Amino acid sequence: MFDRHYAVWPESVPHFLELPTTSLYSNLSVSALRYPEHPAIIYYGAALSYRELQQQAEALAGYLQQAGVKAGDRVLLYMQNSPQFVIGFYAILRANAVVVPVNPMNRKAELEYLLEDTQAEVALCGLELLENIAPLVGQHGLREVIVSAYSEYAGECDGIDLPEAVQLANEIPELPGLTAWQQALAAKHQPGPLTAGPDDLCVIPYSSGTTGNPKGCVHTHHSVMATTVYCSVWGNAQHDSVQLVSVPMFHVTGMQVCMNCSIYIGGTQVVMTRWDRKAAAQLIQRHGITSWRNISTMVVDLLSDPQIDQYDLSSLKAIGGGGAAMPVAVAEKLKLKTGLEYAEGYGLSETISATHMNPYHAPKPQCLGIPIIGVDSRVVSLETLSEVEPGVTGEIVIHGEQVFQGYWNRPDATAEAFIELDGKRFFRTGDLGYYDEQGYFFLVDRVKRMINASGYKVWPAEVEALLYGHPAVQEVCVISAPDARRGETTKAVIVLAAGQQASAEEIIAWCQGNMSAYKCPKLVEFVSALPKSPTGKILWRALQEQEWAQG
């Protein structure tokens, strides 16, 4: 057991903690019983109490079961941050089904893949995203889509600019297979017994990989409960917590450290549908935000606002995040403004959020932190898979209650993702790092081929797989390129098919219509041939090194 970090361990936090042996949904039931009228969600001027949240989750769960959703069925949750996301998430669990959170940036081709891979027959969808999924009703097994406009839950925002998606009127088109959200709730179907337990499937977030298509990370109620409880205890989160939710809830950080932790403690989450630095500052001041988990680029943006000193941020008691390292200069500015140290953390979809966090009393800059409650993390040699000493770079591996069961329908990928050390099953993160003498972990590079653009993880093989759908593309290699603002960005190096013509602008426009915006190449270069090894493999690393040398 890795334990050298215990010397800097927070005094009030146990090294190990027994987890509840219940469904994750039970957390909502308990908080609704304890604090029925306490605001669970505040959304642009409107509040939803725990009593209302549970009632609506129950009603929607009843409708899902009436619509044919059975225990263990997968249901797509295709929405931006909103009260509907939270209601939908817990309704799916109450129906004893499995949540498949979908990136709201996903388009038709990506949705088709998810439907085929999960065999989901029902989806919950935000109105602004309907055009992407409505044409798929009746295809790939999709029978019904339940649709809602976020404006249904917004109130008077008093000077806060509403995101475009929240301004949409609640006008649901009357098409076969579409059901209005309020119609589903108004049916008032009572769900059957809650039968899901700790070993049943709970959530399958999709994590892109190096083999082209995203992989579903299979999590049980037990593994999801682990980070929900551990992160709450680590941060000493209390019932009076008011959390600003600005990171996407479909992603494991927003889902776990924000949404599920808040419901576990009976706290309040102030939800933003889209990031806006002025709105964030207004919400912190107006609602007395006490905790804000984010990606570091949001803090950079917030503090670069020339008017930031006009806002009172003194209610903040804890601030931290991950996704990209926090620049030292920005961390210093943050401390000057709020008196708080920025506490970075580390986790993956495969671990359903954080496995490493900086202790709030002793954080280190640009550091992943130390292994949290119950986590045994090591660094192993890439060649021998044996443990290495402090300061030696190797692959970070993790054992803990929050580690996933494996990849959905991918037994080979699952087998490759784990090794055994000291009789325990460790997940291979694919990240290169090291730990220091005190047990703090630091990220060095990535074993896997990944582009990190402002905290968004872009997997070249997935973008390549989608680009091969363009009729003019014969061969393509996606690499990273230096970018002054994002750190790095995505570039496609393309060999055109014989007799085909295309411009860089046409390729980029096609990508914008067929894949998530953050995945779209920002640069396109046409070449006559791609460099290859003697076995025919494209030498992507050579292209990338050349690009960075030129940059």
# chains A, B, ... in the order shown; residues from 1 in each chain; ligands from 1
$ select_by_dssp --residues "region 60-237 of chain A" --states "helix (DSSP H, G or I)" --output "ChimeraX atom specification"
/A:60-66,83-94,108-118,127-136,150-153,164-167,181-186,221-234
$ residues_around --residues "Gln182 (chain A)" --least-positions-apart "5" --cutoff "12 Å" --atoms "only C-alpha atoms" --output "list in words"
Gln56, Ala59, Leu60, Tyr63, Gln84, Ile146, Val147, Ser148, Ala149, Tyr150, Glu152, Tyr153, Asn170, Glu171, Ile172, Ala187 and Lys188 of chain A
$ write_last_selection --atoms "N, CA and C atoms" --output "compact mmCIF listing (two decimals), in the first residue's frame"
# COMPACT_ATOMS: atom_id res chain seq x y z
N GLN A 56 -40.27 15.00 -8.85
CA GLN A 56 -40.18 15.00 -10.30
C GLN A 56 -39.33 13.83 -10.81
N ALA A 59 -41.67 10.86 -10.68
CA ALA A 59 -42.67 10.90 -11.75
C ALA A 59 -42.05 10.52 -13.09
N LEU A 60 -40.85 11.06 -13.36
CA LEU A 60 -40.20 10.74 -14.62
C LEU A 60 -39.76 9.28 -14.65
N TYR A 63 -42.69 7.29 -15.62
CA TYR A 63 -42.96 7.38 -17.06
C TYR A 63 -41.98 6.51 -17.85
N GLN A 84 -33.08 19.88 -15.42
CA GLN A 84 -33.54 18.67 -16.11
C GLN A 84 -32.47 17.59 -16.13
N ILE A 146 -37.55 12.12 -24.89
CA ILE A 146 -38.29 13.03 -24.01
C ILE A 146 -37.55 14.36 -24.02
N VAL A 147 -38.26 15.43 -24.40
CA VAL A 147 -37.61 16.71 -24.72
C VAL A 147 -38.07 17.81 -23.78
N SER A 148 -37.10 18.68 -23.41
CA SER A 148 -37.44 19.82 -22.55
C SER A 148 -36.62 21.03 -22.93
N ALA A 149 -37.24 22.20 -22.83
CA ALA A 149 -36.52 23.46 -22.98
C ALA A 149 -36.07 23.91 -21.59
N TYR A 150 -34.84 24.34 -21.47
CA TYR A 150 -34.30 24.74 -20.16
C TYR A 150 -35.07 25.92 -19.56
N GLU A 152 -38.03 26.22 -19.10
CA GLU A 152 -39.10 25.74 -18.22
C GLU A 152 -38.74 25.90 -16.74
N TYR A 153 -37.44 25.86 -16.44
CA TYR A 153 -37.01 25.88 -15.04
C TYR A 153 -36.29 27.17 -14.65
N ASN A 170 -40.44 27.10 -24.96
CA ASN A 170 -40.75 25.68 -24.78
C ASN A 170 -41.75 25.22 -25.86
N GLU A 171 -41.27 25.13 -27.08
CA GLU A 171 -42.11 24.73 -28.20
C GLU A 171 -41.60 23.41 -28.75
N ILE A 172 -42.18 22.31 -28.29
CA ILE A 172 -41.75 20.97 -28.68
C ILE A 172 -42.50 20.57 -29.95
N ALA A 187 -48.17 12.82 -16.40
CA ALA A 187 -48.81 11.49 -16.42
C ALA A 187 -48.84 10.87 -15.02
N LYS A 188 -47.92 11.32 -14.15
CA LYS A 188 -47.87 10.91 -12.74
C LYS A 188 -47.87 9.38 -12.56
$ residues_around --residues "Ala329 (chain A)" --least-positions-apart "6" --cutoff "12 Å" --atoms "only C-alpha atoms" --output "MDAnalysis selection string"
chainID A and resid 299:300 303:304 335:336 342 365:366
$ select_by_dssp --residues "region 33-188 of chain A" --states "strand (DSSP E or B)" --output "mmCIF file with N, CA and C atoms, in the first residue's frame"
data_model
loop_
_atom_site.group_PDB
_atom_site.id
_atom_site.type_symbol
_atom_site.label_atom_id
_atom_site.label_comp_id
_atom_site.auth_asym_id
_atom_site.auth_seq_id
_atom_site.Cartn_x
_atom_site.Cartn_y
_atom_site.Cartn_z
ATOM 1 N N PRO A 39 -33.311 24.424 -0.768
ATOM 2 C CA PRO A 39 -33.078 24.465 -2.214
ATOM 3 C C PRO A 39 -31.994 23.477 -2.651
ATOM 4 N N ALA A 40 -32.357 22.547 -3.496
ATOM 5 C CA ALA A 40 -31.391 21.602 -4.061
ATOM 6 C C ALA A 40 -30.680 22.229 -5.247
ATOM 7 N N ILE A 41 -31.441 22.992 -6.054
ATOM 8 C CA ILE A 41 -30.905 23.606 -7.275
ATOM 9 C C ILE A 41 -31.394 25.044 -7.363
ATOM 10 N N ILE A 42 -30.486 25.941 -7.690
ATOM 11 C CA ILE A 42 -30.850 27.316 -8.051
ATOM 12 C C ILE A 42 -30.430 27.510 -9.501
ATOM 13 N N TYR A 43 -31.382 27.943 -10.318
ATOM 14 C CA TYR A 43 -31.132 28.011 -11.756
ATOM 15 C C TYR A 43 -31.646 29.334 -12.314
ATOM 16 N N ALA A 46 -34.470 30.856 -10.248
ATOM 17 C CA ALA A 46 -35.513 29.964 -9.756
ATOM 18 C C ALA A 46 -34.881 28.878 -8.887
ATOM 19 N N ALA A 47 -35.641 28.405 -7.895
ATOM 20 C CA ALA A 47 -35.133 27.380 -6.981
ATOM 21 C C ALA A 47 -36.010 26.138 -7.051
ATOM 22 N N LEU A 48 -35.369 24.983 -6.915
ATOM 23 C CA LEU A 48 -36.061 23.705 -6.873
ATOM 24 C C LEU A 48 -35.677 23.036 -5.552
ATOM 25 N N SER A 49 -36.672 22.755 -4.705
ATOM 26 C CA SER A 49 -36.395 22.168 -3.392
ATOM 27 C C SER A 49 -36.105 20.674 -3.536
ATOM 28 N N ARG A 74 -30.076 0.824 -20.712
ATOM 29 C CA ARG A 74 -29.331 2.073 -20.813
ATOM 30 C C ARG A 74 -30.239 3.168 -21.373
ATOM 31 N N VAL A 75 -30.132 4.369 -20.792
ATOM 32 C CA VAL A 75 -30.917 5.532 -21.245
ATOM 33 C C VAL A 75 -29.954 6.683 -21.486
ATOM 34 N N LEU A 76 -30.022 7.289 -22.674
ATOM 35 C CA LEU A 76 -29.141 8.411 -22.995
ATOM 36 C C LEU A 76 -29.628 9.672 -22.283
ATOM 37 N N LEU A 77 -28.683 10.403 -21.707
ATOM 38 C CA LEU A 77 -28.984 11.695 -21.067
ATOM 39 C C LEU A 77 -28.201 12.748 -21.839
ATOM 40 N N TYR A 78 -28.895 13.380 -22.793
ATOM 41 C CA TYR A 78 -28.277 14.259 -23.784
ATOM 42 C C TYR A 78 -28.724 15.693 -23.521
ATOM 43 N N VAL A 98 -29.721 2.523 -16.300
ATOM 44 C CA VAL A 98 -28.320 2.945 -16.313
ATOM 45 C C VAL A 98 -28.195 4.245 -17.107
ATOM 46 N N VAL A 99 -27.549 5.246 -16.518
ATOM 47 C CA VAL A 99 -27.365 6.539 -17.170
ATOM 48 C C VAL A 99 -26.208 6.467 -18.158
ATOM 49 N N VAL A 100 -26.460 6.920 -19.383
ATOM 50 C CA VAL A 100 -25.385 7.113 -20.360
ATOM 51 C C VAL A 100 -25.299 8.614 -20.625
ATOM 52 N N PRO A 101 -24.427 9.335 -19.901
ATOM 53 C CA PRO A 101 -24.320 10.783 -20.104
ATOM 54 C C PRO A 101 -23.652 11.080 -21.443
ATOM 55 N N VAL A 122 -34.391 4.693 -25.294
ATOM 56 C CA VAL A 122 -35.014 5.947 -24.864
ATOM 57 C C VAL A 122 -33.917 6.951 -24.550
ATOM 58 N N ALA A 123 -34.185 8.228 -24.841
ATOM 59 C CA ALA A 123 -33.223 9.296 -24.553
ATOM 60 C C ALA A 123 -33.950 10.487 -23.942
ATOM 61 N N LEU A 124 -33.260 11.216 -23.069
ATOM 62 C CA LEU A 124 -33.714 12.509 -22.561
ATOM 63 C C LEU A 124 -32.870 13.566 -23.247
ATOM 64 N N CYS A 125 -33.500 14.644 -23.735
ATOM 65 C CA CYS A 125 -32.798 15.568 -24.610
ATOM 66 C C CYS A 125 -33.203 17.012 -24.341
ATOM 67 N N GLY A 126 -32.221 17.925 -24.425
ATOM 68 C CA GLY A 126 -32.494 19.347 -24.385
ATOM 69 C C GLY A 126 -33.025 19.810 -25.729
ATOM 70 N N GLU A 144 -38.004 6.438 -28.371
ATOM 71 C CA GLU A 144 -38.645 7.633 -27.814
ATOM 72 C C GLU A 144 -37.599 8.601 -27.279
ATOM 73 N N VAL A 145 -37.857 9.885 -27.494
ATOM 74 C CA VAL A 145 -37.015 10.957 -26.960
ATOM 75 C C VAL A 145 -37.908 11.894 -26.156
ATOM 76 N N ILE A 146 -37.552 12.118 -24.892
ATOM 77 C CA ILE A 146 -38.287 13.029 -24.014
ATOM 78 C C ILE A 146 -37.550 14.362 -24.017
ATOM 79 N N VAL A 147 -38.258 15.435 -24.404
ATOM 80 C CA VAL A 147 -37.615 16.708 -24.720
ATOM 81 C C VAL A 147 -38.069 17.814 -23.776
ATOM 82 N N SER A 148 -37.097 18.683 -23.414
ATOM 83 C CA SER A 148 -37.440 19.816 -22.554
ATOM 84 C C SER A 148 -36.618 21.031 -22.934
ATOM 85 N N LEU A 178 -41.540 11.653 -30.127
ATOM 86 C CA LEU A 178 -41.121 12.740 -29.242
ATOM 87 C C LEU A 178 -42.185 12.959 -28.160
ATOM 88 N N THR A 179 -41.725 13.135 -26.918
ATOM 89 C CA THR A 179 -42.625 13.392 -25.799
ATOM 90 C C THR A 179 -42.155 14.620 -25.047
ATOM 91 N N ALA A 180 -43.053 15.540 -24.763
ATOM 92 C CA ALA A 180 -42.701 16.733 -24.001
ATOM 93 C C ALA A 180 -42.443 16.356 -22.546
#
$ residues_around --residues "Thr21 (chain A)" --least-positions-apart "2" --cutoff "8 Å" --atoms "only C-alpha atoms" --output "list of chain:residue names"
A:Leu19, A:Ser23, A:Gly197, A:Pro198, A:His222
$ write_last_selection --atoms "C-alpha atoms" --output "PDB file, in the first residue's frame"
ATOM      1  CA  LEU A  19     -19.330   3.092   1.930  1.00  0.00           C
ATOM      2  CA  SER A  23     -28.273   2.665  -4.684  1.00  0.00           C
ATOM      3  CA  GLY A 197     -28.118  -2.110  -5.327  1.00  0.00           C
ATOM      4  CA  PRO A 198     -24.398  -1.402  -5.004  1.00  0.00           C
ATOM      5  CA  HIS A 222     -20.725   1.211  -5.506  1.00  0.00           C
TER       6      HIS A 222
END
$ closest_residue --among "A:Leu127, A:Ala67, A:Ile494, A:Leu523" --to "Gln474 (chain A)" --atoms "only C-alpha atoms"
A:Ile494
$ closest_atom_pairs --of "region 20-128 of chain A" --to "region 254-257 of chain A" --cutoff "10 Å" --atoms "only C-alpha atoms" --output "CSV"
residue,atom,partner,partner_atom,distance
A:Asn81,CA,A:Gly254,CA,9.0
A:Phe85,CA,A:Met255,CA,9.8
A:Val86,CA,A:Met255,CA,9.0
A:Phe89,CA,A:Met255,CA,9.5
A:Pro101,CA,A:Met255,CA,9.2
$ residues_around --residues "Thr351 (chain A)" --least-positions-apart "4" --cutoff "9 Å" --atoms "only C-alpha atoms" --output "list in words"
Cys217, His219, Ser223, Val224, Thr227, Val252, Gly347, Thr355, Ile398, Gly400, Glu401, Gln402, Val403, Phe404 and Phe427 of chain A
$ residues_around --residues "Pro36 (chain A)" --least-positions-apart "3" --cutoff "7 Å" --atoms "only C-alpha atoms" --output "PyMOL selection string"
chain A and resi 32-33+49-51
$ write_last_selection --atoms "C-alpha atoms" --output "mmCIF file, in the first residue's frame"
data_model
loop_
_atom_site.group_PDB
_atom_site.id
_atom_site.type_symbol
_atom_site.label_atom_id
_atom_site.label_comp_id
_atom_site.auth_asym_id
_atom_site.auth_seq_id
_atom_site.Cartn_x
_atom_site.Cartn_y
_atom_site.Cartn_z
ATOM 1 C CA ALA A 32 -35.298 14.950 0.606
ATOM 2 C CA LEU A 33 -36.360 13.346 3.898
ATOM 3 C CA SER A 49 -36.395 22.168 -3.392
ATOM 4 C CA TYR A 50 -35.346 18.643 -2.465
ATOM 5 C CA ARG A 51 -38.993 17.690 -2.140
#
$ closest_residue --among "A:Ile263, A:Ala354, A:Ala91, A:Leu185" --to "Gly374 (chain A)" --atoms "only C-alpha atoms"
A:Ala354
$ closest_residue --among "A:Arg410, A:Lys491, A:Lys522, A:His251" --to "Trp548 (chain A)" --atoms "only C-alpha atoms"
A:Lys491
$ residues_around --residues "Ser528 (chain A)" --least-positions-apart "2" --cutoff "8 Å" --atoms "only C-alpha atoms" --output "PyMOL selection string"
chain A and resi 495-496+526+530
$ closest_residue --among "A:Asn213, A:Ser315, A:Gln238, A:Asn96" --to "Trp292 (chain A)" --atoms "only C-alpha atoms"
A:Ser315
$ atom_distance --atom1 "CA of Leu467 (chain A)" --atom2 "CA of Thr297 (chain A)"
28.2 Å
$ atom_distance --atom1 "CA of Cys261 (chain A)" --atom2 "CA of Val69 (chain A)"
26.6 Å
$ closest_residue --among "A:Asp301, A:Glu389, A:Asp117, A:Glu110" --to "Asp276 (chain A)" --atoms "only C-alpha atoms"
A:Asp301
$ atom_distance --atom1 "CA of Ala281 (chain A)" --atom2 "CA of Gln310 (chain A)"
9.2 Å
$ closest_residue --among "A:Lys424, A:Lys317, A:Lys337, A:Lys364" --to "Asp376 (chain A)" --atoms "only C-alpha atoms"
A:Lys424
